[in-house]
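Q: Here's a structure for you.
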Amino acid sequence: MMTRALLISLVSCLVTISKARLINRCDLAKVLQQEDLDGFEGYSLTDWLCLAFVESKFNISKINENADGSFDYGIFQINSHYWCNDYRSHSENICRTECQELLRPNLLSTIHCAKKIVSGAGGMKNWVAWRIHCSGRPLSYWMTGCRLG
Ligand SMILES: *[C@@H]1O[C@H](CO)[C@@H](O)[C@H](O)[C@H]1NC(C)=O
């Protein structure tokens, strides 16, 4: 009995953890708006939502290894070679942050870093997936059903 109860609580705990990695699309829209990304450098919330989807499928803790040995972190898949330090390979660390910070559920560090990236030359084109899948396309449906405060 004891073991069974323990197992059940362990399983439900694991389920909670894996769920926590994904953020709901409209919840993400709300955070992005609160952090003033709507219209930031000329990009709308729908651009940011499309970017987050094509980069991470809204997985806050996504990590991906690249062929050059660098890693991409978080909902916007921010690269360790240029933007954050993960102590695995050389980094310019332009955002002055540890890559692990870009995986935090409150999203503040990753948004701060994304603002820095999009403020530079090329804007959102720094994300190849945004250029391919989001740029110049109708994006308004990303906000469908979202009611922002
Ligand atoms: C989110 O990304 C992490 C790290 O890449 C991965 O282990 C996890 O399975 C992903 N979660 C979901 C729900 O896709």
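Chain lettering (A, B, ...) mirrors the order of the structure tokens, residue numbering begins at 1 for each chain separately, and ligand numbering begins at 1 in order of display.
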Could you build a table of the residues in chain A lying no more than 7 Å from ligand 1, giving for each the nearest pair of atoms and their separation in Å rounded to one decimal place, using only C-alpha atoms and all ligand atoms, ordered by chain and ascending residue number, as a Markdown table?
A:
```
| residue | atom | partner | partner_atom_place_in_ligand_line | distance |
| --- | --- | --- | --- | --- |
| A:Ser18 | CA | ligand 1 | 13 (C) | 5.6 |
| A:Lys19 | CA | ligand 1 | 13 (C) | 6.2 |
| A:Arg21 | CA | ligand 1 | 11 (N) | 5.8 |
| A:Leu22 | CA | ligand 1 | 13 (C) | 5.8 |
| A:Asn59 | CA | ligand 1 | 1 (C) | 5.0 |
| A:Ile60 | CA | ligand 1 | 1 (C) | 6.8 |
| A:Ser61 | CA | ligand 1 | 2 (O) | 4.9 |
| A:Lys62 | CA | ligand 1 | 2 (O) | 3.4 |
| A:Ile63 | CA | ligand 1 | 5 (O) | 4.1 |
| A:Asn64 | CA | ligand 1 | 5 (O) | 6.1 |
```
Q: Would you write out those residues with C-alpha atoms, as a short mmCIF file (atom, residue, chain, number, x, y, z; two decimals), in the first residue's frame?
A:
```cif
data_model
loop_
_atom_site.label_atom_id
_atom_site.label_comp_id
_atom_site.auth_asym_id
_atom_site.auth_seq_id
_atom_site.Cartn_x
_atom_site.Cartn_y
_atom_site.Cartn_z
CA SER A 18 6.60 17.87 -17.66
CA LYS A 19 3.42 19.94 -18.03
CA ARG A 21 7.58 22.99 -19.33
CA LEU A 22 4.92 23.94 -21.83
CA ASN A 59 8.52 24.48 -24.41
CA ILE A 60 10.09 26.79 -21.83
CA SER A 61 12.87 24.34 -20.96
CA LYS A 62 13.83 23.21 -24.45
CA ILE A 63 17.55 22.70 -25.06
CA ASN A 64 18.91 21.79 -28.49
#
```
Q: A:Tyr43: which residues within 12 Å, counting only C-alpha atoms, same-chain residues fewer than 2 positions away excluded, as a list in words?
A: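 Final neighbour list, sorted by chain and number: Leu32, Gln33, Asp36, Leu37, Asp38, Gly39, Phe40, Glu41, Leu45, Thr46, Asp47, Trp48, Leu49, Cys50, Leu51, Ala114, Lys115, Val118, Ser119, Gly123, Met124, Lys125, Trp130, Cys134, Ser135, Gly136 and Leu139 of chain A.
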Q: Keeping only C-alpha atoms, take the residues you just selected and write them out as a PDB file, in the first residue's frame.
A:
```pdb
ATOM      1  CA  LEU A  32       4.926  39.058 -23.565  1.00  0.00           C
ATOM      2  CA  GLN A  33       2.485  41.959 -23.432  1.00  0.00           C
ATOM      3  CA  ASP A  36       6.209  45.370 -23.441  1.00  0.00           C
ATOM      4  CA  LEU A  37       7.015  43.193 -26.437  1.00  0.00           C
ATOM      5  CA  ASP A  38       3.914  44.203 -28.392  1.00  0.00           C
ATOM      6  CA  GLY A  39       5.309  46.645 -30.949  1.00  0.00           C
ATOM      7  CA  PHE A  40       8.864  46.370 -29.579  1.00  0.00           C
ATOM      8  CA  GLU A  41      11.228  47.202 -32.461  1.00  0.00           C
ATOM      9  CA  LEU A  45       2.751  39.839 -30.256  1.00  0.00           C
ATOM     10  CA  THR A  46       1.813  37.554 -33.133  1.00  0.00           C
ATOM     11  CA  ASP A  47       5.415  37.640 -34.398  1.00  0.00           C
ATOM     12  CA  TRP A  48       6.655  36.631 -30.928  1.00  0.00           C
ATOM     13  CA  LEU A  49       4.067  33.854 -30.621  1.00  0.00           C
ATOM     14  CA  CYS A  50       4.921  32.474 -34.045  1.00  0.00           C
ATOM     15  CA  LEU A  51       8.624  32.678 -33.170  1.00  0.00           C
ATOM     16  CA  ALA A 114      15.303  38.409 -26.773  1.00  0.00           C
ATOM     17  CA  LYS A 115      14.829  42.179 -26.626  1.00  0.00           C
ATOM     18  CA  VAL A 118      15.812  41.842 -31.791  1.00  0.00           C
ATOM     19  CA  SER A 119      17.239  45.321 -31.169  1.00  0.00           C
ATOM     20  CA  GLY A 123      15.897  42.263 -35.941  1.00  0.00           C
ATOM     21  CA  MET A 124      13.845  39.085 -35.775  1.00  0.00           C
ATOM     22  CA  LYS A 125      15.644  37.760 -38.872  1.00  0.00           C
ATOM     23  CA  TRP A 130      11.077  33.111 -37.938  1.00  0.00           C
ATOM     24  CA  CYS A 134       6.602  33.604 -39.865  1.00  0.00           C
ATOM     25  CA  SER A 135       7.963  36.609 -41.791  1.00  0.00           C
ATOM     26  CA  GLY A 136       5.479  38.141 -44.229  1.00  0.00           C
ATOM     27  CA  LEU A 139      -0.155  35.768 -38.241  1.00  0.00           C
TER      28      LEU A 139
END
```
Q: Could you check how far atom CA of A:Lys116 sits from atom CA of A:Ile78, in Å to one decimal?
A: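 Atom-to-atom, atom CA of A:Lys116 and atom CA of A:Ile78 are spaced 11.2 Å apart.
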Q: Looking only at the backbone, which of the residues in chain A does DSSP tag as helix (DSSP H, G or I), as a ChimeraX atom specification?
A: /A:2-20,25-34,40-42,45-56,99-103,108-119,123-126,128-133,140-143
Q: Could you pull out the strand (DSSP E or B) residues of stretch 3-148 of chain A from DSSP and send them as a list in words?
A: Leu22, Asn59, Ile63, Asn64, Glu65, Phe71, Asp72, Tyr73, Ile78, Asn79, Asn85 and Glu98 of chain A
Q: Using only C-alpha atoms, pick whichever of A:Gly149, A:Gly122, A:Pro105, A:Pro138 has the shortest atom-to-atom distance to A:Gln34.
A: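 Smallest separation from A:Gln34 among the options: A:Gly149.
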Q: Figure out the distance between atom CA of A:Arg131 and atom CA of A:Asn85, please, to one decimal in Å.
A: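 Computed distance, atom CA of A:Asn85 to atom CA of A:Arg131, equals 25.2 Å.
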Q: Could you pull the residues within 12 Å of A:Ser91, counting only C-alpha atoms, minus those fewer than 6 positions along the same chain, as a list in words?
A: Gly69, Ser70, Phe71, Asn79, Ser80, His81, Tyr82, Trp83, Cys84, Asn85, Thr97, Glu98 and Cys99 of chain A
Q: Can you tell me how far atom CA of A:Asn93 sits from atom CA of A:Ala67, in Å to one decimal?
A: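 About the pair atom CA of A:Asn93 and atom CA of A:Ala67: they are 19.1 Å apart.
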